[in-house]
file target-v1.txt (compact mmCIF, C-alpha atoms)
# COMPACT_ATOMS: atom_id res chain seq x y z
CA MET A 1114 -19.61 -28.74 -2.87
CA PRO A 1115 -17.05 -27.58 -5.48
CA ALA A 1116 -13.44 -27.77 -4.30
CA LEU A 1117 -10.02 -26.87 -5.65
CA CYS A 1118 -6.53 -28.04 -4.77
CA ARG A 1119 -4.34 -24.96 -4.44
CA ASP A 1120 -1.20 -26.99 -5.11
CA CYS A 1121 -2.02 -28.97 -8.28
CA LEU A 1122 -5.19 -27.04 -9.33
CA THR A 1123 -7.36 -30.19 -9.50
CA GLN A 1124 -11.12 -29.53 -9.33
CA PHE A 1125 -13.23 -32.04 -7.40
CA ASP A 1126 -16.10 -32.47 -4.96
CA ALA A 1127 -15.17 -31.31 -1.46
CA ALA A 1128 -12.84 -33.61 0.48
CA PRO A 1129 -10.24 -33.07 3.22
CA ARG A 1130 -7.39 -33.79 0.77
CA CYS A 1131 -6.83 -33.48 -2.94
CA PRO A 1132 -7.60 -36.82 -4.66
CA SER A 1133 -4.73 -36.23 -7.12
CA CYS A 1134 -1.77 -35.05 -5.03
CA ARG A 1135 -3.10 -35.65 -1.48
CA SER A 1136 -2.42 -32.05 -0.50
CA PRO A 1137 -4.51 -30.68 2.40
CA ARG A 1138 -4.42 -27.21 0.84
CA VAL A 1139 -8.00 -27.40 -0.37
CA ILE A 1140 -10.49 -24.56 -0.81
CA ALA A 1141 -14.17 -25.52 -0.98
CA HIS A 1142 -17.24 -23.32 -1.31
CA ASP A 1143 -20.70 -23.55 -2.87
CA GLU A 1144 -20.00 -20.50 -5.08
CA LEU A 1145 -16.29 -21.17 -5.64
CA PHE A 1146 -16.55 -21.38 -9.44
CA ASP A 1147 -19.22 -18.68 -9.83
CA LEU A 1148 -17.40 -15.63 -8.40
CA SER A 1149 -15.07 -13.41 -10.40
CA ILE A 1150 -14.03 -10.30 -8.39
CA ALA A 1151 -10.75 -10.81 -6.57
CA HIS A 1152 -8.24 -9.00 -4.41
CA MET A 1153 -4.63 -10.22 -4.33
CA ASP A 1154 -2.45 -9.01 -1.48
CA CYS A 1155 1.21 -9.99 -1.24
CA ASP A 1156 2.27 -11.27 2.18
CA ALA A 1157 4.58 -8.86 4.06
CA PHE A 1158 5.83 -7.83 0.63
CA TYR A 1159 8.96 -5.78 1.39
CA ALA A 1160 10.10 -8.22 4.07
CA SER A 1161 9.38 -11.22 1.84
CA VAL A 1162 11.51 -9.77 -0.97
CA GLU A 1163 14.39 -9.21 1.46
CA LYS A 1164 14.13 -12.76 2.82
CA ARG A 1165 14.01 -14.15 -0.71
CA ASP A 1166 17.18 -12.26 -1.62
CA ASN A 1167 18.96 -13.17 1.63
CA PRO A 1168 18.03 -16.69 2.85
CA GLU A 1169 19.98 -16.08 6.09
CA LEU A 1170 17.06 -13.87 7.17
CA ALA A 1171 14.47 -16.64 6.67
CA ASP A 1172 13.98 -17.55 10.34
CA LYS A 1173 14.69 -14.11 11.80
CA PRO A 1174 12.25 -11.34 12.71
CA LEU A 1175 12.65 -8.65 10.06
CA ILE A 1176 11.50 -5.04 10.03
CA ILE A 1177 11.67 -2.76 7.02
CA GLY A 1178 11.80 0.88 8.02
CA GLY A 1179 13.82 3.90 9.06
CA GLY A 1180 15.92 4.72 12.10
CA ARG A 1181 14.68 4.96 15.68
CA ARG A 1182 12.75 8.14 14.82
CA GLY A 1183 11.08 6.51 11.83
CA VAL A 1184 8.18 4.11 11.49
CA VAL A 1185 7.77 0.50 10.38
CA SER A 1186 7.07 0.12 6.66
CA THR A 1187 6.60 -3.66 6.80
CA ALA A 1188 7.27 -6.40 9.34
CA CYS A 1189 7.59 -10.09 8.57
CA TYR A 1190 5.17 -12.48 10.24
CA ILE A 1191 7.73 -13.55 12.85
CA ALA A 1192 7.97 -9.92 14.00
CA ARG A 1193 4.18 -9.52 13.80
CA ILE A 1194 3.74 -12.35 16.28
CA ARG A 1195 5.68 -10.14 18.71
CA GLY A 1196 3.22 -7.30 18.12
CA VAL A 1197 5.09 -5.29 15.47
CA ARG A 1198 2.78 -3.60 12.97
CA SER A 1199 3.08 -1.33 9.94
CA ALA A 1200 3.20 2.41 10.76
CA MET A 1201 4.30 1.66 14.33
CA PRO A 1202 7.07 3.96 15.62
CA MET A 1203 10.40 2.17 15.25
CA PHE A 1204 11.36 2.61 18.91
CA GLN A 1205 8.16 0.85 19.96
CA ALA A 1206 8.72 -1.96 17.46
CA LEU A 1207 12.25 -2.57 18.73
CA LYS A 1208 11.01 -2.57 22.31
CA LEU A 1209 8.57 -5.36 21.39
CA CYS A 1210 11.12 -7.23 19.29
CA PRO A 1211 14.67 -6.10 20.22
CA GLU A 1212 16.32 -8.95 18.29
CA ALA A 1213 14.73 -7.90 14.98
CA VAL A 1214 16.88 -7.24 11.94
CA VAL A 1215 16.10 -3.76 10.59
CA LEU A 1216 16.66 -2.92 6.92
CA LYS A 1217 16.01 0.25 4.96
CA PRO A 1218 13.54 -0.11 2.06
CA ARG A 1219 14.91 -0.90 -1.42
CA MET A 1220 12.08 0.56 -3.46
CA GLU A 1221 13.64 -0.18 -6.85
CA ILE A 1222 13.85 -3.91 -6.03
CA TYR A 1223 10.28 -3.99 -4.70
CA ALA A 1224 9.02 -2.18 -7.79
CA GLU A 1225 10.77 -4.73 -10.03
CA ALA A 1226 9.07 -7.61 -8.18
CA SER A 1227 5.74 -5.77 -8.41
CA ARG A 1228 6.09 -5.40 -12.19
CA ALA A 1229 6.78 -9.14 -12.53
CA ILE A 1230 3.60 -9.94 -10.59
CA ARG A 1231 1.64 -7.45 -12.68
CA ARG A 1232 2.78 -9.19 -15.88
CA MET A 1233 1.46 -12.49 -14.50
CA MET A 1234 -1.89 -10.84 -13.73
CA GLU A 1235 -2.11 -9.38 -17.23
CA GLU A 1236 -1.98 -12.90 -18.67
CA LEU A 1237 -5.27 -13.57 -16.87
CA THR A 1238 -7.24 -10.35 -17.41
CA PRO A 1239 -6.79 -6.75 -18.57
CA ALA A 1240 -9.11 -5.59 -15.77
CA ILE A 1241 -6.53 -4.96 -13.04
CA GLU A 1242 -6.72 -2.10 -10.55
CA PRO A 1243 -3.46 -1.72 -8.59
CA LEU A 1244 -3.76 -0.23 -5.12
CA SER A 1245 -0.04 -0.23 -4.35
CA LEU A 1246 3.09 -2.18 -5.26
CA ASP A 1247 1.81 -5.26 -3.43
CA GLU A 1248 -1.95 -5.44 -3.93
CA ALA A 1249 -4.54 -5.16 -6.68
CA PHE A 1250 -8.13 -5.90 -7.60
CA LEU A 1251 -8.82 -8.19 -10.55
CA ASP A 1252 -12.07 -8.67 -12.47
CA LEU A 1253 -12.06 -12.07 -14.18
CA SER A 1254 -15.64 -11.89 -15.44
CA GLY A 1255 -15.95 -13.54 -18.84
CA THR A 1256 -12.46 -15.08 -18.79
CA THR A 1257 -13.55 -18.69 -18.27
CA ARG A 1258 -14.15 -19.27 -21.99
CA LEU A 1259 -10.76 -17.76 -22.86
CA HIS A 1260 -8.72 -19.77 -20.34
CA GLY A 1261 -10.88 -22.86 -20.05
CA VAL A 1262 -11.04 -22.76 -16.25
CA PRO A 1263 -13.03 -20.72 -13.68
CA PRO A 1264 -11.50 -17.59 -12.09
CA ALA A 1265 -10.77 -19.42 -8.82
CA VAL A 1266 -8.46 -21.82 -10.66
CA MET A 1267 -6.67 -18.96 -12.42
CA LEU A 1268 -6.14 -17.15 -9.11
CA ALA A 1269 -4.73 -20.25 -7.43
CA GLY A 1270 -2.43 -20.65 -10.42
CA LEU A 1271 -1.33 -17.02 -10.10
CA VAL A 1272 -0.11 -17.37 -6.51
CA ARG A 1273 1.45 -20.72 -7.35
CA ARG A 1274 3.49 -19.03 -10.10
CA MET A 1275 4.42 -16.18 -7.77
CA LYS A 1276 5.81 -18.73 -5.33
CA SER A 1277 7.67 -20.88 -7.85
CA GLU A 1278 8.99 -18.17 -10.18
CA LEU A 1279 9.46 -15.19 -7.86
CA GLY A 1280 9.79 -16.78 -4.43
CA LEU A 1281 6.94 -14.61 -3.09
CA THR A 1282 3.54 -15.47 -1.64
CA GLY A 1283 0.19 -13.72 -1.81
CA SER A 1284 -3.29 -14.10 -0.35
CA ILE A 1285 -6.44 -14.18 -2.46
CA GLY A 1286 -9.88 -12.87 -1.60
CA LEU A 1287 -12.67 -13.91 -4.00
CA SER A 1288 -16.20 -12.52 -3.87
CA HIS A 1289 -18.92 -10.74 -5.84
CA ASN A 1290 -17.68 -7.16 -5.27
CA LYS A 1291 -14.54 -5.21 -4.41
CA PHE A 1292 -15.39 -4.51 -0.77
CA LEU A 1293 -15.91 -8.16 0.10
CA ALA A 1294 -12.98 -9.36 -2.00
CA LYS A 1295 -10.63 -7.12 -0.02
CA VAL A 1296 -12.16 -8.27 3.26
CA ALA A 1297 -11.73 -11.90 2.19
CA SER A 1298 -8.04 -11.50 1.33
CA ASP A 1299 -7.29 -10.64 4.98
CA LEU A 1300 -9.11 -13.65 6.45
CA ASP A 1301 -6.43 -16.31 5.97
CA LYS A 1302 -3.02 -14.60 5.75
CA PRO A 1303 -0.35 -15.47 4.87
CA HIS A 1304 -0.63 -17.52 1.66
CA GLY A 1305 -4.38 -17.77 2.04
CA PHE A 1306 -7.40 -18.12 -0.23
CA SER A 1307 -10.79 -17.08 1.14
CA VAL A 1308 -14.21 -16.82 -0.44
CA ILE A 1309 -17.28 -14.76 0.55
CA GLY A 1310 -20.30 -15.75 -1.53
CA LYS A 1311 -23.49 -13.82 -2.24
CA GLU A 1312 -25.71 -16.10 -0.20
CA GLU A 1313 -23.63 -15.80 2.96
CA THR A 1314 -22.86 -12.07 2.79
CA ALA A 1315 -25.46 -10.86 5.31
CA ALA A 1316 -24.70 -13.56 7.85
CA PHE A 1317 -20.94 -13.08 7.44
CA LEU A 1318 -21.03 -9.33 8.04
CA ARG A 1319 -23.64 -9.10 10.80
CA ASP A 1320 -21.37 -9.48 13.85
CA LYS A 1321 -18.21 -8.01 12.31
CA PRO A 1322 -16.80 -4.70 13.64
CA VAL A 1323 -17.19 -1.63 11.43
CA SER A 1324 -13.38 -1.29 11.51
CA LEU A 1325 -13.47 -4.02 8.84
CA ILE A 1326 -14.46 -1.32 6.35
CA TRP A 1327 -11.48 -0.13 4.34
CA GLY A 1328 -10.91 3.57 4.99
CA VAL A 1329 -12.61 3.70 8.39
CA GLY A 1330 -9.80 5.04 10.54
CA GLN A 1331 -9.57 6.04 14.17
CA ALA A 1332 -11.44 9.32 13.76
CA THR A 1333 -14.36 7.71 11.91
CA ARG A 1334 -14.49 4.82 14.39
CA SER A 1335 -14.68 7.33 17.21
CA SER A 1336 -17.60 9.13 15.54
CA LEU A 1337 -19.39 5.84 14.89
CA ASP A 1338 -18.79 4.72 18.46
CA LYS A 1339 -20.39 7.90 19.79
CA ALA A 1340 -23.45 7.03 17.70
CA GLY A 1341 -23.53 3.52 19.19
CA ILE A 1342 -22.32 1.91 15.97
CA ARG A 1343 -19.70 -0.75 16.58
CA THR A 1344 -20.78 -3.63 14.35
CA PHE A 1345 -22.52 -4.11 11.01
CA ALA A 1346 -25.61 -5.16 12.94
CA ASP A 1347 -25.63 -1.72 14.57
CA LEU A 1348 -25.46 -0.10 11.13
CA LEU A 1349 -28.40 -2.14 9.90
CA ARG A 1350 -30.62 -0.55 12.56
CA TRP A 1351 -30.15 2.90 11.04
CA GLU A 1352 -32.26 4.33 8.24
CA ARG A 1353 -30.31 5.47 5.21
CA GLU A 1354 -31.50 9.08 5.56
CA ASP A 1355 -30.42 9.21 9.20
CA LEU A 1356 -26.93 7.92 8.41
CA ILE A 1357 -26.55 10.54 5.67
CA ALA A 1358 -27.79 13.28 7.99
CA ARG A 1359 -25.29 12.23 10.65
CA PHE A 1360 -22.24 11.31 8.55
CA GLY A 1361 -22.80 12.91 5.14
CA SER A 1362 -21.65 10.97 2.07
CA MET A 1363 -19.86 8.49 4.33
CA GLY A 1364 -23.27 7.62 5.81
CA ASP A 1365 -24.60 6.63 2.40
CA ARG A 1366 -21.53 4.45 1.80
CA LEU A 1367 -21.94 2.82 5.23
CA TRP A 1368 -25.60 2.01 4.53
CA HIS A 1369 -24.69 0.13 1.36
CA LEU A 1370 -21.64 -1.64 2.79
CA ALA A 1371 -23.64 -2.79 5.82
CA ARG A 1372 -25.66 -4.82 3.31
CA GLY A 1373 -22.59 -6.01 1.42
CA GLN A 1374 -23.38 -3.75 -1.54
CA ASP A 1375 -20.54 -2.23 -3.55
CA LYS A 1376 -21.14 -1.21 -7.18
CA ARG A 1377 -17.62 0.10 -7.84
CA ARG A 1378 -16.07 -1.46 -10.91
CA VAL A 1379 -12.53 -2.74 -11.10
CA SER A 1380 -10.96 0.12 -13.02
CA ALA A 1381 -7.84 -0.70 -14.97
CA HIS A 1382 -7.31 2.96 -15.76
CA ALA A 1383 -7.78 4.53 -12.34
CA PRO A 1384 -5.19 7.31 -12.37
CA VAL A 1385 -2.65 7.81 -9.60
CA LYS A 1386 -3.59 11.18 -8.14
CA SER A 1387 -0.57 11.81 -5.94
CA ILE A 1388 2.64 10.32 -4.55
CA SER A 1389 3.70 11.07 -1.00
CA SER A 1390 5.82 9.85 1.87
CA GLU A 1391 5.85 10.85 5.52
CA THR A 1392 7.51 10.00 8.80
CA THR A 1393 6.52 10.32 12.46
CA PHE A 1394 9.14 11.23 15.04
CA PHE A 1395 9.85 9.49 18.35
CA GLU A 1396 10.09 12.94 19.95
CA ASP A 1397 8.70 16.25 18.65
CA THR A 1398 11.47 18.31 17.10
CA GLY A 1399 12.06 21.79 15.81
CA ASN A 1400 15.70 21.13 14.94
CA VAL A 1401 16.14 22.54 11.45
CA ASP A 1402 19.07 20.29 10.52
CA ILE A 1403 17.19 17.13 11.54
CA LEU A 1404 14.05 18.24 9.73
CA ASP A 1405 16.05 19.18 6.63
CA GLY A 1406 17.51 15.65 6.53
CA HIS A 1407 14.00 14.19 6.68
CA ILE A 1408 12.79 16.50 3.90
CA TRP A 1409 15.61 15.24 1.67
CA ARG A 1410 14.98 11.55 2.42
CA LEU A 1411 11.23 11.94 1.87
CA SER A 1412 11.87 13.81 -1.38
CA GLU A 1413 14.10 10.95 -2.56
CA LYS A 1414 11.39 8.40 -1.76
CA VAL A 1415 8.75 10.39 -3.65
CA SER A 1416 11.14 10.85 -6.56
CA ASP A 1417 11.98 7.12 -6.66
CA ARG A 1418 8.30 6.20 -6.82
CA ALA A 1419 7.60 8.80 -9.50
CA LYS A 1420 10.49 7.52 -11.62
CA THR A 1421 9.32 3.94 -11.14
CA LYS A 1422 5.80 4.87 -12.28
CA GLN A 1423 7.23 7.08 -15.06
CA ILE A 1424 5.27 10.14 -13.95
CA ALA A 1425 6.01 13.63 -12.64
CA GLY A 1426 4.13 16.23 -10.62
CA ARG A 1427 3.19 19.85 -11.17
CA VAL A 1428 2.50 20.52 -7.46
CA VAL A 1429 4.74 19.89 -4.44
CA THR A 1430 3.09 19.56 -1.02
CA LEU A 1431 4.65 19.77 2.44
CA LYS A 1432 2.70 18.44 5.43
CA LEU A 1433 3.60 19.03 9.08
CA LYS A 1434 1.79 17.92 12.21
CA ARG A 1435 2.31 19.27 15.71
CA ALA A 1436 2.01 17.57 19.10
CA ASP A 1437 -1.66 18.57 19.42
CA HIS A 1438 -2.27 16.93 16.00
CA SER A 1439 -2.99 20.28 14.36
CA GLN A 1440 -1.75 20.14 10.79
CA ILE A 1441 0.03 22.60 8.53
CA THR A 1442 -0.10 22.05 4.77
CA ARG A 1443 1.71 24.13 2.16
CA ARG A 1444 1.65 23.67 -1.64
CA LEU A 1445 3.53 25.22 -4.52
CA SER A 1446 2.95 24.78 -8.25
CA LEU A 1447 6.13 24.20 -10.22
CA ARG A 1448 6.97 26.12 -13.36
CA ASP A 1449 8.00 22.81 -14.95
CA PRO A 1450 6.52 19.44 -13.80
CA SER A 1451 9.24 17.35 -12.16
CA GLN A 1452 10.12 13.91 -10.81
CA MET A 1453 13.59 14.96 -9.64
CA ALA A 1454 14.48 14.58 -5.96
CA ASP A 1455 16.50 17.80 -6.09
CA THR A 1456 13.53 19.83 -7.33
CA ILE A 1457 11.10 18.24 -4.88
CA TYR A 1458 13.53 18.81 -2.01
CA ARG A 1459 14.29 22.45 -2.84
CA THR A 1460 10.60 23.26 -3.23
CA SER A 1461 9.66 21.46 -0.02
CA ARG A 1462 12.48 23.18 1.84
CA SER A 1463 11.28 26.60 0.66
CA LEU A 1464 7.79 25.72 1.94
CA PHE A 1465 9.27 24.56 5.23
CA ASP A 1466 11.12 27.87 5.64
CA GLN A 1467 7.72 29.61 5.69
CA VAL A 1468 6.54 27.69 8.76
CA VAL A 1469 9.76 26.69 10.55
CA ASP A 1470 8.89 28.87 13.57
CA GLN A 1471 5.56 27.06 14.12
CA GLY A 1472 7.16 23.86 15.48
CA PRO A 1473 8.10 21.64 17.13
CA PHE A 1474 6.67 18.93 14.90
CA ARG A 1475 5.75 15.27 15.36
CA LEU A 1476 5.27 14.38 11.68
CA ILE A 1477 6.56 15.62 8.35
CA GLY A 1478 5.46 14.60 4.86
CA VAL A 1479 6.37 15.46 1.27
CA GLY A 1480 4.32 14.75 -1.85
CA ILE A 1481 3.66 15.62 -5.47
CA SER A 1482 0.32 15.83 -7.28
CA ASP A 1483 -1.28 17.01 -10.53
CA LEU A 1484 0.60 14.18 -12.20
CA ILE A 1485 1.61 13.81 -15.87
CA PRO A 1486 3.68 11.30 -17.89
CA GLU A 1487 7.41 11.74 -17.37
CA ASP A 1488 8.10 12.62 -21.02
CA GLY A 1489 6.55 16.03 -20.35
CA ALA A 1490 8.69 16.76 -17.29
CA ASP A 1491 11.95 18.53 -16.44
CA ARG A 1492 12.31 20.00 -19.89
CA SER A 1493 12.87 23.73 -19.53
CA GLY A 1494 15.74 25.22 -17.63
CA ASP A 1495 15.39 27.55 -14.66
CA LEU A 1496 16.65 31.04 -15.45
CA LEU A 1497 16.74 31.82 -11.74
CA ASP A 1498 18.79 28.70 -11.01
CA PRO A 1499 21.24 28.06 -13.86
CA LEU A 1500 22.81 25.10 -12.00
CA ALA A 1501 19.51 23.17 -11.89
CA SER A 1502 20.14 21.34 -15.16
CA GLN A 1503 23.59 20.24 -13.95
CA ARG A 1504 22.09 18.88 -10.72
CA ASN A 1505 19.45 17.01 -12.73
CA LYS A 1506 22.14 15.40 -14.89
CA ALA A 1507 24.06 14.43 -11.75
CA GLU A 1508 20.90 12.91 -10.26
CA ARG A 1509 20.26 10.83 -13.39
CA ALA A 1510 23.86 9.60 -13.25
CA THR A 1511 23.40 8.75 -9.55
CA ASP A 1512 20.24 6.78 -10.39
CA SER A 1513 22.17 4.77 -12.98
CA ILE A 1514 24.98 3.95 -10.55
CA ARG A 1515 22.52 2.92 -7.84
CA ARG A 1516 20.73 0.57 -10.21
CA LYS A 1517 24.03 -1.19 -10.83
CA PHE A 1518 25.63 -1.13 -7.40
CA GLY A 1519 22.82 -0.64 -4.88
CA ARG A 1520 21.08 2.26 -3.23
CA ASP A 1521 23.92 3.05 -0.82
CA ALA A 1522 26.56 3.29 -3.58
CA ILE A 1523 26.13 7.10 -3.54
CA ARG A 1524 24.59 9.13 -0.73
CA LYS A 1525 24.28 12.86 -0.14
CA GLY A 1526 25.63 14.29 3.09
CA ARG A 1527 22.27 15.80 4.00
CA SER A 1528 20.72 12.30 4.03
CA LEU A 1529 22.86 11.49 7.10
CA ARG A 1530 21.33 14.22 9.25

call {"tool": "encode", "arguments": {"input": "target-v1.txt", "output": "structure tokens"}}
result
Amino acid sequence: MPALCRDCLTQFDAAPRCPSCRSPRVIAHDELFDLSIAHMDCDAFYASVEKRDNPELADKPLIIGGGRRGVVSTACYIARIRGVRSAMPMFQALKLCPEAVVLKPRMEIYAEASRAIRRMMEELTPAIEPLSLDEAFLDLSGTTRLHGVPPAVMLAGLVRRMKSELGLTGSIGLSHNKFLAKVASDLDKPHGFSVIGKEETAAFLRDKPVSLIWGVGQATRSSLDKAGIRTFADLLRWEREDLIARFGSMGDRLWHLARGQDKRRVSAHAPVKSISSETTFFEDTGNVDILDGHIWRLSEKVSDRAKTKQIAGRVVTLKLKRADHSQITRRLSLRDPSQMADTIYRTSRSLFDQVVDQGPFRLIGVGISDLIPEDGADRSGDLLDPLASQRNKAERATDSIRRKFGRDAIRKGRSLR
């Protein structure tokens, strides 16, 4: 059986340890050197960057997120052992792990690390499909002749470089399509390398829960459960036409995924369709000052991501959710596409003023869509708001100062609400 040492990249016949460096970090699989679709997922990315930059945090549980009313963005693996998970309300996370260190996200620093990883990937293949700052699909088909080694070796070399040059770890999933590659990357976290081959696909999936399918959330799981579908084996008992009749287009997707079939290509040019950020409150609130502070902070986050990606949006969206989970969504098209926090905030606030009396609310979100490159944004002035250009100049100056001295070097008063 083909095997690979993940430490020194030696290829050999399967053995418990590498014959060259004696490392036990060996990956062996019958199809190891035949597969070329991969998913790379950084391990607890935000938390790992913070621990890299501050070694005193290395052995401490770390949570990246907002205040007690916010949610967890990322938790390190020490905190995860205590039950802390992404998107968990912060008060619940601190109840599970009261000794955790809590830090606010530093998106500019994370984006810089993400760009460094992306450059390493681009040395392997141009076929890269980013899903977020910390994960991406890679298609290494046809690269063996160029690099002189199979894709598995290149991927092991990628995470080795990430560790040695950036101080960050990632987990690799290698398979014959995107669905299974993403599943594989979650099998051996952190710092893992897992393979799902063609021959074993059916046997591997049969007893797995349908929650393994990316994009199947609580609502879909509930619908599937009502239909008696809990595992892939349950899905296999359904005819394709019946699944489509019951679940629409999702039914067709489920029929194919139940058989490990996924014909989606790794698309290097898949456009970002929107940028958004949201927060869930510990207690429902209709307090306008508190909600205004959240609108500003969310607008800043969306703006930071847009500036990092060098894009701007023509449409601003405000999302609100009430205690009964009913949702209110309002959108407004901008006269001039923008990536500025001030513009996103003022537009979102005007949308909020239309629905302020429909609270209290349990969730609020801000986003931009209909995206364009940043060189076509924030060009024309606003005749109805002659001070807008001055605020934009002040925001650009603030961005420059923050890049030099840190995010908290300058803060607006409304961000403290």

call {"tool": "atom_distance", "arguments": {"input": "target-v1.txt", "atom1": "atom CA of Arg1334 of chain A", "atom2": "atom CA of Val1184 of chain A"}}
result
22.9 Å

call {"tool": "atom_distance", "arguments": {"input": "target-v1.txt", "atom1": "atom CA of Ala1358 of chain A", "atom2": "atom CA of Lys1339 of chain A"}}
result
14.9 Å

call {"tool": "closest_residue", "arguments": {"input": "target-v1.txt", "among": "A:Leu1148, A:Asp1301, A:Thr1282, A:Arg1444", "to": "Met1267 of chain A", "atoms": "only C-alpha atoms"}}
result
A:Leu1148

call {"tool": "atom_distance", "arguments": {"input": "target-v1.txt", "atom1": "atom CA of Ser1451 of chain A", "atom2": "atom CA of Leu1484 of chain A"}}
result
9.2 Å

call {"tool": "residues_around", "arguments": {"input": "target-v1.txt", "residues": "Ala1346 of chain A", "least_positions_apart": "4", "cutoff": "9 Å", "atoms": "all atoms listed in the file", "output": "count of residues only"}}
result
8

call {"tool": "residues_around", "arguments": {"input": "target-v1.txt", "residues": "Pro1129 of chain A", "least_positions_apart": "2", "cutoff": "10 Å", "atoms": "only C-alpha atoms", "output": "PyMOL selection string"}}
result
chain A and resi 1116+1127+1131-1132+1135-1141

call {"tool": "closest_residue", "arguments": {"input": "target-v1.txt", "among": "A:Ala1436, A:Cys1155, A:Leu1348, A:Met1453", "to": "Leu1244 of chain A", "atoms": "all atoms listed in the file"}}
result
A:Cys1155

call {"tool": "closest_residue", "arguments": {"input": "target-v1.txt", "among": "A:Gly1183, A:Gly1270, A:Leu1216, A:Val1296", "to": "Cys1118 of chain A", "atoms": "all atoms listed in the file"}}
result
A:Gly1270

call {"tool": "residues_around", "arguments": {"input": "target-v1.txt", "residues": "Ile1191 of chain A", "least_positions_apart": "5", "cutoff": "8 Å", "atoms": "only C-alpha atoms", "output": "list of chain:residue names"}}
result
A:Asp1172, A:Lys1173, A:Pro1174, A:Leu1175

call {"tool": "residues_around", "arguments": {"input": "target-v1.txt", "residues": "Val1429 of chain A", "least_positions_apart": "2", "cutoff": "8 Å", "atoms": "all atoms listed in the file", "output": "PDB file with C-alpha atoms, in the frame of the given file"}}
result
ATOM      1  CA  GLY A1426       4.130  16.230 -10.620  1.00  0.00           C
ATOM      2  CA  ARG A1427       3.190  19.850 -11.170  1.00  0.00           C
ATOM      3  CA  LEU A1431       4.650  19.770   2.440  1.00  0.00           C
ATOM      4  CA  ARG A1444       1.650  23.670  -1.640  1.00  0.00           C
ATOM      5  CA  LEU A1445       3.530  25.220  -4.520  1.00  0.00           C
ATOM      6  CA  SER A1446       2.950  24.780  -8.250  1.00  0.00           C
ATOM      7  CA  LEU A1447       6.130  24.200 -10.220  1.00  0.00           C
ATOM      8  CA  ILE A1457      11.100  18.240  -4.880  1.00  0.00           C
ATOM      9  CA  THR A1460      10.600  23.260  -3.230  1.00  0.00           C
ATOM     10  CA  SER A1461       9.660  21.460  -0.020  1.00  0.00           C
ATOM     11  CA  VAL A1479       6.370  15.460   1.270  1.00  0.00           C
ATOM     12  CA  GLY A1480       4.320  14.750  -1.850  1.00  0.00           C
ATOM     13  CA  ILE A1481       3.660  15.620  -5.470  1.00  0.00           C
ATOM     14  CA  SER A1482       0.320  15.830  -7.280  1.00  0.00           C
TER      15      SER A1482
END

call {"tool": "residues_around", "arguments": {"input": "target-v1.txt", "residues": "segment 1421-1425 of chain A", "least_positions_apart": "4", "cutoff": "10 Å", "atoms": "all atoms listed in the file", "output": "list in words"}}
result
Met1220, Glu1221, Ala1224, Glu1225, Arg1228, Val1385, Ser1387, Ile1388, Val1415, Ser1416, Asp1417, Asp1449, Pro1450, Ser1451, Gln1452, Met1453, Ile1481, Ser1482, Asp1483, Leu1484, Ile1485, Pro1486, Glu1487, Asp1488, Gly1489, Ala1490 and Asp1491 of chain A

call {"tool": "residues_near_point", "arguments": {"input": "target-v1.txt", "point": "(9.4, -16.2, -6.0)", "cutoff": "12 Å", "atoms": "all atoms listed in the file", "output": "ChimeraX atom specification"}}
result
/A:1155-1156,1158,1161-1166,1226-1227,1229-1230,1271-1283

call {"tool": "closest_residue", "arguments": {"input": "target-v1.txt", "among": "A:Arg1353, A:Arg1232, A:Lys1434, A:Lys1386", "to": "Arg1366 of chain A", "atoms": "all atoms listed in the file"}}
result
A:Arg1353
